[in-house]
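The file work-v8.cif comes next; it holds mmCIF, C-alpha atoms.
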data_protein
#
loop_
_atom_site.label_atom_id
_atom_site.label_comp_id
_atom_site.auth_asym_id
_atom_site.auth_seq_id
_atom_site.Cartn_x
_atom_site.Cartn_y
_atom_site.Cartn_z
CA MET K 23 0.00 0.00 0.00
CA ARG K 24 2.70 2.39 1.03
CA ASN K 25 4.68 1.54 -2.10
CA LYS K 26 1.68 2.25 -4.29
CA LEU K 27 1.18 5.58 -2.61
CA LEU K 28 4.82 6.43 -3.11
CA LEU K 29 4.60 5.43 -6.75
CA ALA K 30 1.47 7.53 -7.27
CA LEU K 31 3.24 10.46 -5.67
CA LEU K 32 6.29 10.01 -7.88
CA VAL K 33 4.14 9.88 -11.00
CA ALA K 34 2.24 12.97 -9.93
CA ILE K 35 5.37 15.06 -9.42
CA PRO K 36 6.61 16.47 -12.70
CA ILE K 37 10.09 15.34 -13.58
CA SER K 38 12.37 18.24 -12.89
CA THR K 39 15.89 17.59 -11.79
CA VAL K 40 16.90 21.23 -11.96
CA ALA K 41 15.62 23.71 -9.39
CA LYS K 42 13.65 26.72 -10.57
CA GLU K 43 15.69 29.89 -10.84
CA SER K 44 14.41 33.44 -10.31
CA ALA K 45 13.54 35.52 -13.37
CA LYS K 46 16.07 38.13 -12.33
CA ASP K 47 18.86 35.55 -12.25
CA ASN K 48 17.73 34.00 -15.54
CA TYR K 49 17.63 37.47 -17.12
CA ARG K 50 21.19 38.15 -15.98
CA THR K 51 22.37 34.86 -17.42
CA TYR K 52 20.51 34.55 -20.71
CA CYS K 53 19.01 37.92 -21.72
CA VAL K 54 21.65 40.47 -20.71
CA GLN K 55 24.06 39.31 -23.44
CA CYS K 56 21.80 40.98 -26.04
CA HIS K 57 19.20 43.02 -24.15
CA GLY K 58 21.81 44.65 -21.94
CA MET K 59 22.64 45.00 -18.27
CA ALA K 60 20.04 47.76 -18.03
CA GLY K 61 17.49 45.85 -20.14
CA ASN K 62 17.57 48.70 -22.66
CA GLY K 63 18.49 46.61 -25.71
CA LYS K 64 22.13 47.69 -25.56
CA GLY K 65 23.80 44.36 -24.84
CA VAL K 66 27.45 43.52 -25.34
CA ASN K 67 26.62 41.48 -28.47
CA ILE K 68 24.65 44.02 -30.51
CA ARG K 69 27.19 45.96 -32.58
CA ASP K 70 27.05 43.79 -35.70
CA MET K 71 23.41 42.67 -35.48
CA SER K 72 21.19 43.47 -38.46
CA VAL K 73 18.17 43.73 -36.16
CA GLN K 74 18.62 45.34 -32.77
CA PRO K 75 17.22 43.66 -29.65
CA ARG K 76 14.04 44.94 -28.04
CA ASP K 77 14.45 47.64 -25.41
CA HIS K 78 12.66 46.08 -22.45
CA THR K 79 12.35 49.43 -20.72
CA ASP K 80 10.35 50.85 -23.64
CA ALA K 81 6.85 50.93 -22.15
CA LYS K 82 5.21 51.94 -25.42
CA ALA K 83 6.58 49.03 -27.44
CA MET K 84 6.36 46.48 -24.66
CA SER K 85 2.73 47.30 -23.91
CA THR K 86 1.81 46.12 -27.42
CA ARG K 87 2.89 42.59 -26.49
CA SER K 88 0.49 40.35 -24.59
CA ASP K 89 1.77 38.04 -21.87
CA ASP K 90 1.01 35.12 -24.19
CA THR K 91 3.12 36.68 -26.94
CA LEU K 92 5.99 37.26 -24.52
CA PHE K 93 5.73 33.65 -23.39
CA LYS K 94 5.73 32.43 -26.98
CA VAL K 95 8.67 34.52 -28.16
CA ILE K 96 10.80 33.54 -25.17
CA LYS K 97 9.98 29.86 -25.51
CA GLU K 98 9.97 29.53 -29.31
CA GLY K 99 12.11 32.43 -30.49
CA GLY K 100 11.67 35.49 -32.68
CA LEU K 101 10.58 33.61 -35.80
CA SER K 102 7.52 32.27 -33.97
CA ILE K 103 6.05 35.78 -33.86
CA ASP K 104 7.48 36.86 -37.25
CA LYS K 105 10.42 38.62 -35.66
CA SER K 106 14.16 38.15 -35.97
CA VAL K 107 15.96 34.79 -35.90
CA LEU K 108 18.51 36.56 -33.69
CA MET K 109 16.08 36.11 -30.80
CA PRO K 110 16.56 32.40 -30.09
CA PRO K 111 14.11 29.96 -28.50
CA TRP K 112 14.77 29.39 -24.80
CA GLY K 113 12.38 26.46 -24.39
CA ASP K 114 15.18 23.96 -23.81
CA THR K 115 16.87 26.22 -21.27
CA LEU K 116 13.98 27.56 -19.20
CA SER K 117 10.95 25.70 -17.86
CA ASP K 118 7.46 26.97 -18.75
CA ASP K 119 7.19 28.19 -15.19
CA GLU K 120 10.42 30.15 -15.49
CA ILE K 121 9.26 31.63 -18.81
CA ARG K 122 5.99 32.79 -17.23
CA ASP K 123 8.03 34.40 -14.44
CA MET K 124 10.24 36.03 -17.07
CA ALA K 125 7.24 37.55 -18.87
CA GLN K 126 6.17 39.08 -15.56
CA TYR K 127 9.71 40.27 -14.89
CA LEU K 128 9.70 42.07 -18.25
CA ARG K 129 6.60 43.94 -17.06
CA THR K 130 8.62 45.26 -14.14
CA LEU K 131 11.37 46.44 -16.51
CA CYS K 132 8.96 48.32 -18.79
CA LYS K 133 6.71 49.32 -15.90
CA CYS K 134 3.88 48.55 -18.26
CA LYS K 135 1.13 46.07 -18.95
CA TYR K 136 -0.49 44.80 -22.13
CA GLY K 137 -2.76 47.34 -23.82
CA GLY K 138 -1.51 50.42 -22.04
CA SER K 139 1.44 51.76 -20.14
CA MET H 16 58.90 17.10 -9.60
CA ASN H 17 56.24 16.72 -12.24
CA ARG H 18 58.42 18.43 -14.79
CA LEU H 19 61.32 16.17 -13.95
CA LEU H 20 59.09 13.15 -14.42
CA VAL H 21 57.81 14.44 -17.73
CA ALA H 22 61.30 15.27 -18.95
CA LEU H 23 62.42 11.82 -17.93
CA GLY H 24 59.45 10.34 -19.76
CA MET H 25 60.39 12.29 -22.85
CA MET H 26 63.96 11.01 -22.80
CA LEU H 27 62.92 7.44 -22.28
CA GLY H 28 60.17 7.65 -24.90
CA MET H 29 57.64 6.47 -22.40
CA THR H 30 54.18 5.42 -23.44
CA GLN H 31 51.10 7.56 -23.21
CA PRO H 32 49.65 6.31 -19.88
CA VAL H 33 52.77 7.48 -18.04
CA TRP H 34 52.55 10.83 -19.77
CA ALA H 35 48.90 11.07 -18.95
CA ASP H 36 49.57 10.35 -15.27
CA ALA H 37 52.11 13.14 -15.14
CA GLY H 38 49.67 15.43 -16.96
CA MET H 39 46.89 14.57 -14.54
CA ASP H 40 49.12 15.58 -11.65
CA ILE H 41 49.69 18.95 -13.29
CA LEU H 42 45.97 19.33 -13.97
CA LYS H 43 45.04 18.55 -10.38
CA GLY H 44 47.75 20.77 -8.97
CA GLN H 45 47.59 23.81 -11.24
CA CYS H 46 44.34 23.79 -13.19
CA SER H 47 41.59 22.51 -10.94
CA SER H 48 40.98 25.81 -9.18
CA CYS H 49 39.54 27.25 -12.42
CA HIS H 50 38.56 24.12 -14.37
CA ASN H 51 36.20 21.32 -13.39
CA LEU H 52 38.05 18.07 -13.99
CA THR H 53 35.52 15.66 -12.54
CA GLY H 54 32.03 16.86 -13.47
CA PRO H 55 29.17 17.27 -13.35
CA ALA H 56 28.58 20.53 -15.20
CA PRO H 57 26.89 23.33 -13.22
CA GLN H 58 23.32 22.42 -12.27
CA THR H 59 22.34 25.84 -10.92
CA LEU H 60 23.00 29.42 -12.01
CA LYS H 61 25.05 30.00 -8.88
CA GLU H 62 27.35 27.16 -9.92
CA LEU H 63 27.44 28.48 -13.49
CA TRP H 64 28.42 31.97 -12.39
CA ALA H 65 31.19 30.57 -10.19
CA ARG H 66 32.87 28.87 -13.13
CA LYS H 67 36.14 30.58 -14.08
CA GLY H 68 37.10 28.54 -17.12
CA PRO H 69 35.62 25.90 -19.40
CA ASP H 70 34.80 22.53 -17.82
CA LEU H 71 37.51 20.05 -18.74
CA PHE H 72 35.97 16.83 -17.45
CA TYR H 73 34.96 15.90 -21.00
CA ALA H 74 38.03 17.41 -22.69
CA GLY H 75 38.78 14.14 -24.51
CA ASN H 76 35.39 14.31 -26.19
CA LYS H 77 35.84 17.97 -27.10
CA TYR H 78 39.30 19.09 -28.11
CA ARG H 79 41.74 18.24 -30.86
CA LYS H 80 44.88 17.10 -29.11
CA GLU H 81 47.32 18.82 -31.47
CA TRP H 82 45.57 22.11 -30.83
CA LEU H 83 45.72 21.61 -27.06
CA VAL H 84 49.47 21.02 -27.17
CA GLN H 85 50.05 24.25 -29.10
CA TRP H 86 47.54 26.40 -27.25
CA LEU H 87 48.72 25.40 -23.79
CA GLN H 88 52.16 26.75 -24.70
CA ASN H 89 50.84 29.92 -26.30
CA PRO H 90 47.41 30.56 -24.84
CA THR H 91 45.19 33.18 -26.45
CA GLN H 92 41.81 34.42 -25.37
CA ILE H 93 38.98 32.40 -26.93
CA ARG H 94 36.00 33.92 -25.10
CA PRO H 95 36.05 37.69 -25.71
CA ALA H 96 33.97 38.31 -22.58
CA GLY H 97 35.52 35.54 -20.51
CA GLU H 98 33.57 33.29 -18.21
CA PHE H 99 31.07 34.11 -16.73
CA TYR H 100 30.53 36.78 -19.39
CA GLU H 101 28.29 39.01 -17.29
CA ASP H 102 31.06 39.43 -14.72
CA HIS H 103 33.33 40.88 -17.42
CA ILE H 104 31.10 43.51 -19.02
CA LYS H 105 30.14 47.01 -18.04
CA PRO H 106 27.79 49.66 -19.41
CA GLY H 107 29.35 51.77 -22.19
CA PRO H 108 28.23 54.94 -24.00
CA LYS H 109 26.55 53.07 -26.87
CA ARG H 110 26.15 49.57 -25.45
CA ASP H 111 27.59 47.25 -22.83
CA VAL H 112 31.28 46.61 -23.42
CA VAL H 113 33.83 44.06 -22.29
CA ASP H 114 35.89 45.22 -19.32
CA PRO H 115 39.38 43.90 -20.19
CA SER H 116 40.73 44.80 -16.75
CA THR H 117 38.71 41.92 -15.30
CA LEU H 118 40.12 39.28 -17.68
CA LYS H 119 43.20 37.36 -16.65
CA PRO H 120 45.57 35.72 -19.13
CA HIS H 121 45.78 31.92 -19.08
CA VAL H 122 48.96 30.39 -17.69
CA ALA H 123 51.39 29.09 -20.34
CA LEU H 124 52.97 25.65 -20.03
CA SER H 125 56.33 24.33 -21.19
CA ALA H 126 56.34 22.07 -24.24
CA SER H 127 56.72 18.94 -22.15
CA ASP H 128 54.02 19.93 -19.66
CA ALA H 129 51.68 20.87 -22.50
CA GLN H 130 52.18 17.46 -24.07
CA ALA H 131 51.57 15.67 -20.79
CA VAL H 132 48.49 17.75 -19.95
CA ALA H 133 47.05 17.25 -23.44
CA ASP H 134 47.57 13.48 -23.08
CA ALA H 135 45.81 13.54 -19.73
CA LEU H 136 42.93 15.65 -21.04
CA MET H 137 42.37 13.31 -23.97
CA THR H 138 41.68 10.46 -21.53
CA LEU H 139 38.65 12.31 -20.13
CA LYS H 140 35.77 10.99 -22.21
CA PRO H 141 32.62 10.57 -20.13
CA LYS H 142 30.40 11.84 -22.95
CA SER H 143 31.37 9.35 -25.64
CA ASP H 144 27.73 8.27 -25.91
CA LEU H 145 26.78 11.72 -27.21
CA ILE H 146 29.73 11.77 -29.58
CA ALA H 147 28.82 8.33 -30.95
CA LYS H 148 25.42 9.66 -32.03
CA GLU H 149 27.01 12.10 -34.48
CA LYS H 150 28.06 11.10 -37.96
CA ILE H 151 29.93 13.74 -39.90
CA GLU H 152 29.47 13.26 -43.60
CA GLU H 153 32.19 14.02 -46.11
CA GLY H 154 31.50 17.33 -47.72
CA THR H 155 32.31 20.95 -48.08
CA VAL H 156 30.44 24.19 -48.04
CA SER H 157 31.61 27.45 -49.53
CA LEU H 158 32.52 30.11 -47.01
CA SER H 159 29.82 32.39 -48.38
CA MET H 160 27.08 29.75 -48.09
CA GLY H 161 28.29 28.77 -44.63
CA GLU H 162 28.37 32.36 -43.51
CA MET H 163 24.85 32.87 -44.82
CA ALA H 164 23.62 29.98 -42.68
CA PHE H 165 25.64 31.01 -39.63
CA ASP H 166 24.74 34.70 -39.76
CA LYS H 167 21.41 35.07 -41.49
CA PHE H 168 19.43 31.84 -41.24
CA LEU H 169 20.51 30.64 -37.83
CA GLY H 170 21.67 33.84 -36.16
CA CYS H 171 24.75 32.32 -34.52
CA MET H 172 26.71 35.54 -35.11
CA ALA H 173 24.64 37.22 -32.44
CA CYS H 174 26.96 35.71 -29.85
CA HIS H 175 29.93 34.32 -31.81
CA ARG H 176 32.66 35.93 -33.88
CA ILE H 177 33.46 34.52 -37.31
CA GLU H 178 36.45 36.80 -37.70
CA PRO H 179 38.49 38.68 -35.13
CA ASP H 180 36.32 41.79 -35.27
CA TYR H 181 32.91 40.63 -36.44
CA GLY H 182 30.12 39.09 -34.41
CA GLY H 183 28.97 38.82 -30.81
CA LEU H 184 31.11 38.59 -27.72
CA SER H 185 29.35 36.45 -25.15
CA GLY H 186 30.25 33.14 -26.81
CA PRO H 187 33.63 31.71 -27.80
CA GLU H 188 35.20 32.82 -31.09
CA MET H 189 34.20 30.53 -33.93
CA TYR H 190 36.94 31.29 -36.46
CA THR H 191 39.23 28.94 -34.57
CA ALA H 192 36.58 26.33 -33.68
CA GLY H 193 37.52 23.93 -36.49
CA LYS H 194 41.10 23.87 -35.24
CA ARG H 195 40.16 23.53 -31.59
CA LEU H 196 37.26 21.12 -31.58
CA GLN H 197 36.43 17.64 -32.77
CA PRO H 198 33.75 17.80 -35.50
CA GLU H 199 31.43 15.37 -33.69
CA TYR H 200 31.61 17.57 -30.61
CA ILE H 201 30.68 20.65 -32.65
CA ALA H 202 27.71 18.77 -34.09
CA SER H 203 26.57 17.38 -30.75
CA TYR H 204 26.92 20.70 -28.97
CA ILE H 205 24.90 22.55 -31.61
CA ARG H 206 22.25 19.80 -31.45
CA SER H 207 21.87 20.26 -27.71
CA PRO H 208 24.11 22.59 -25.72
CA GLN H 209 22.13 21.58 -22.64
CA ALA H 210 23.11 17.92 -23.05
CA TRP H 211 26.67 19.06 -22.35
CA ASP H 212 26.08 21.98 -20.06
CA PRO H 213 22.51 22.30 -18.72
CA LYS H 214 22.71 25.95 -17.64
CA ILE H 215 24.84 27.37 -20.48
CA TRP H 216 23.73 30.64 -22.08
CA MET H 217 23.74 29.14 -25.55
CA PRO H 218 20.20 28.12 -26.53
CA ASN H 219 19.11 25.01 -28.41
CA LYS H 220 17.98 26.42 -31.75
CA HIS H 221 16.74 23.05 -33.00
CA VAL H 222 19.12 23.16 -35.92
CA SER H 223 18.28 20.52 -38.56
CA ASP H 224 20.63 17.62 -39.31
CA GLY H 225 21.44 19.17 -42.68
CA ASN H 226 22.32 22.53 -41.17
CA ILE H 227 24.41 20.90 -38.44
CA GLN H 228 26.49 19.23 -41.17
CA LYS H 229 26.72 22.55 -43.00
CA LEU H 230 27.88 24.37 -39.88
CA VAL H 231 30.54 21.77 -39.09
CA HIS H 232 31.89 22.01 -42.66
CA TYR H 233 31.73 25.79 -42.52
CA LEU H 234 33.63 26.04 -39.23
CA GLU H 235 36.29 23.68 -40.53
CA ALA H 236 36.67 25.76 -43.70
CA LEU H 237 36.66 28.98 -41.70
CA SER H 238 39.46 27.87 -39.41
CA LYS H 239 41.65 27.15 -42.43
CA GLU H 240 41.43 30.71 -43.71
CA ASP H 241 44.81 32.35 -43.24
CA ASN H 242 43.49 35.72 -42.20
CA HIS H 243 41.66 34.16 -39.27
CA ALA H 244 44.61 32.16 -38.04
CA LYS H 245 45.64 34.71 -35.50
#
Please render this file's structure as structure tokens.
Amino acid sequence: MRNKLLLALLVAIPISTVAKESAKDNYRTYCVQCHGMAGNGKGVNIRDMSVQPRDHTDAKAMSTRSDDTLFKVIKEGGLSIDKSVLMPPWGDTLSDDEIRDMAQYLRTLCKCKYGGS
Amino acid sequence: MNRLLVALGMMLGMTQPVWADAGMDILKGQCSSCHNLTGPAPQTLKELWARKGPDLFYAGNKYRKEWLVQWLQNPTQIRPAGEFYEDHIKPGPKRDVVDPSTLKPHVALSASDAQAVADALMTLKPKSDLIAKEKIEEGTVSLSMGEMAFDKFLGCMACHRIEPDYGGLSGPEMYTAGKRLQPEYIASYIRSPQAWDPKIWMPNKHVSDGNIQKLVHYLEALSKEDNHAK
């Protein structure tokens, strides 16, 4: 009986060997290289890019993106929303939960929400 | 003592295992404070940020030995923004810039130590299962077609340089990759960076088999270009 319970519990818990990281820490690790230390799109990589990264502090531009769109572009990359291939998909790096947290973190950078700043 | 042993080994023409033992002693004594020799790769961001140099516990699956021997004697910087990149950048007037004052040069080894260390590194092959999955086909790609794939279709240039002053800075330079790395490793790493290094800041772009072959051929061609061989 106890074994069955244990088994049921194990099945119910999603397989995740890696602990969830905070959006702030994920941003520092994965996003800063292009979107910049200040989140303003001025990352260390941008000089030779044909399309410049989004300025995450730009409330006007960021408020045109829904949370679902932010989730999609982070998970599946720029091409998934008809934007640049230079924005890669992060779905193999971040969990869905971490991506949802990231979308919310972006709202704190732009100090904006979807549909209005 | 190690050097004496290695020198002795050289004179006596000793076989590779002896060399490798001497090299492993050097690695453990001089290299392990910056390089992970035993694995696993960082499992958390905190561990990732603490890393000072590339993990070497799978060096035998990754590097070309002849390159290791040369580079260890004359080390050059491969990652323009070092490791961890965010610790080596600062805000600049137009964009974030690399802060060179934070980057330390790599120690240079004598010829005999370099040989011994390279021998030791080549014995570290815990990821041979991943390597065995890759089959590099014979073939070539023109530099212009390769560059088109690398820059335009796949966007790798965002983080990697394909010549000394063109491309991104947060990833290692790619114009020497063909000289440095085994082709199967290049293919496997592109296929899934996370299979090698779960927290690395290189994403899995789901590159197709055909494009992986193209990139491997391109990087090999690129590293043969004289003007990049700096």
Please expand the PyMOL selection byres ((chain H and resi 219-235) around 8) into the concrete residues it hits in this file, giving the result as a ChimeraX atom specification.
/K:110-115 /H:151-152,154-158,161-162,164-165,169,189-194,198,201-202,205-209,217-218,236-239
Atom pair CA of Asp180 (chain H) / CA of Arg195 (chain H): separation (Å):
19.0 Å
Using the chain letters and numbering of this document, enumerate as a PDB file with C-alpha atoms, in the frame of the given file the residues selected by the PyMOL selection byres ((chain K and resi 120) around 9).
ATOM      1  CA  LYS K  42      13.650  26.720 -10.570  1.00  0.00           C
ATOM      2  CA  GLU K  43      15.690  29.890 -10.840  1.00  0.00           C
ATOM      3  CA  SER K  44      14.410  33.440 -10.310  1.00  0.00           C
ATOM      4  CA  ALA K  45      13.540  35.520 -13.370  1.00  0.00           C
ATOM      5  CA  ASN K  48      17.730  34.000 -15.540  1.00  0.00           C
ATOM      6  CA  LEU K 116      13.980  27.560 -19.200  1.00  0.00           C
ATOM      7  CA  SER K 117      10.950  25.700 -17.860  1.00  0.00           C
ATOM      8  CA  ASP K 118       7.460  26.970 -18.750  1.00  0.00           C
ATOM      9  CA  ASP K 119       7.190  28.190 -15.190  1.00  0.00           C
ATOM     10  CA  ILE K 121       9.260  31.630 -18.810  1.00  0.00           C
ATOM     11  CA  ARG K 122       5.990  32.790 -17.230  1.00  0.00           C
ATOM     12  CA  ASP K 123       8.030  34.400 -14.440  1.00  0.00           C
ATOM     13  CA  MET K 124      10.240  36.030 -17.070  1.00  0.00           C
ATOM     14  CA  ALA K 125       7.240  37.550 -18.870  1.00  0.00           C
TER      15      ALA K 125
END
As a check of understanding, name the residues that the PyMOL selection byres ((chain K) within 12 of (chain H)) selects in the supplied structure, as a ChimeraX atom specification.
/K:38-75,77,96-101,106-117
Correct to one decimal, the distance CA of Tyr136 (chain K)-CA of Thr86 (chain K) is 5.9 Å
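The gap separating CA of Glu81 (chain H) from CA of Ala131 (chain H) is 11.9 Å, in Å to one decimal.
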Within 12 Å of (-1.3, 36.4, -25.0) (coordinates as in the file), grab all the protein and nucleic acid residues, counting all atoms listed in the file, and write them out as JSON, numbers by chain.
{"K": [85, 86, 87, 88, 89, 90, 91, 92, 93, 94, 95, 103, 122, 125, 135, 136, 137]}
Using all atoms listed in the file, find each residue of region 22-90 of chain H with at least one atom at most 10 Å away from an atom of region 116-128 of chain H; report its shortest atom-to-atom pair and that distance in Å (one decimal), sort the rows by chain and rising residue number, and return the result as a tab-separated table.
residue	atom	partner	partner_atom	distance
H:Ala22	CA	H:Ser127	CA	6.7
H:Gly24	CA	H:Ser127	CA	9.3
H:Met25	CA	H:Ser127	CA	7.6
H:Trp34	CA	H:Asp128	CA	9.2
H:Ala37	CA	H:Asp128	CA	8.4
H:Gly38	CA	H:Asp128	CA	6.8
H:Ile41	CA	H:Asp128	CA	7.8
H:Leu42	CA	H:Asp128	CA	9.9
H:Gln45	CA	H:Val122	CA	9.3
H:Cys46	CA	H:Val122	CA	9.2
H:Gly68	CA	H:His121	CA	9.5
H:Val84	CA	H:Ala126	CA	7.5
H:Gln85	CA	H:Ala126	CA	8.2
H:Trp86	CA	H:Ala123	CA	8.4
H:Leu87	CA	H:Leu124	CA	5.7
H:Gln88	CA	H:Leu124	CA	4.9
H:Asn89	CA	H:Ala123	CA	6.0
H:Pro90	CA	H:His121	CA	6.1
Return as lines of an AutoDock Vina configuration file the centre and edge lengths, in Å with one decimal, of the box along x, y and z that encloses every atom of region 81-89 of chain H in the file, padded by 8 Å per side.
center_x = 48.9
center_y = 24.4
center_z = -27.6
size_x = 22.6
size_y = 27.1
size_z = 23.7
Can you tell me which residues surround Arg79 (chain H) at a distance of at most 7 Å, considering only C-alpha atoms, apart from same-chain residues fewer than 4 positions away, and format the answer as a CSV table (one decimal) with C-alpha atoms, keeping the file's coordinate frame?
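Listed below is the output, selection32.csv:
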chain,number,residue,atom,x,y,z
H,83,LEU,CA,45.7,21.6,-27.1
H,195,ARG,CA,40.2,23.5,-31.6
H,196,LEU,CA,37.3,21.1,-31.6
H,197,GLN,CA,36.4,17.6,-32.8
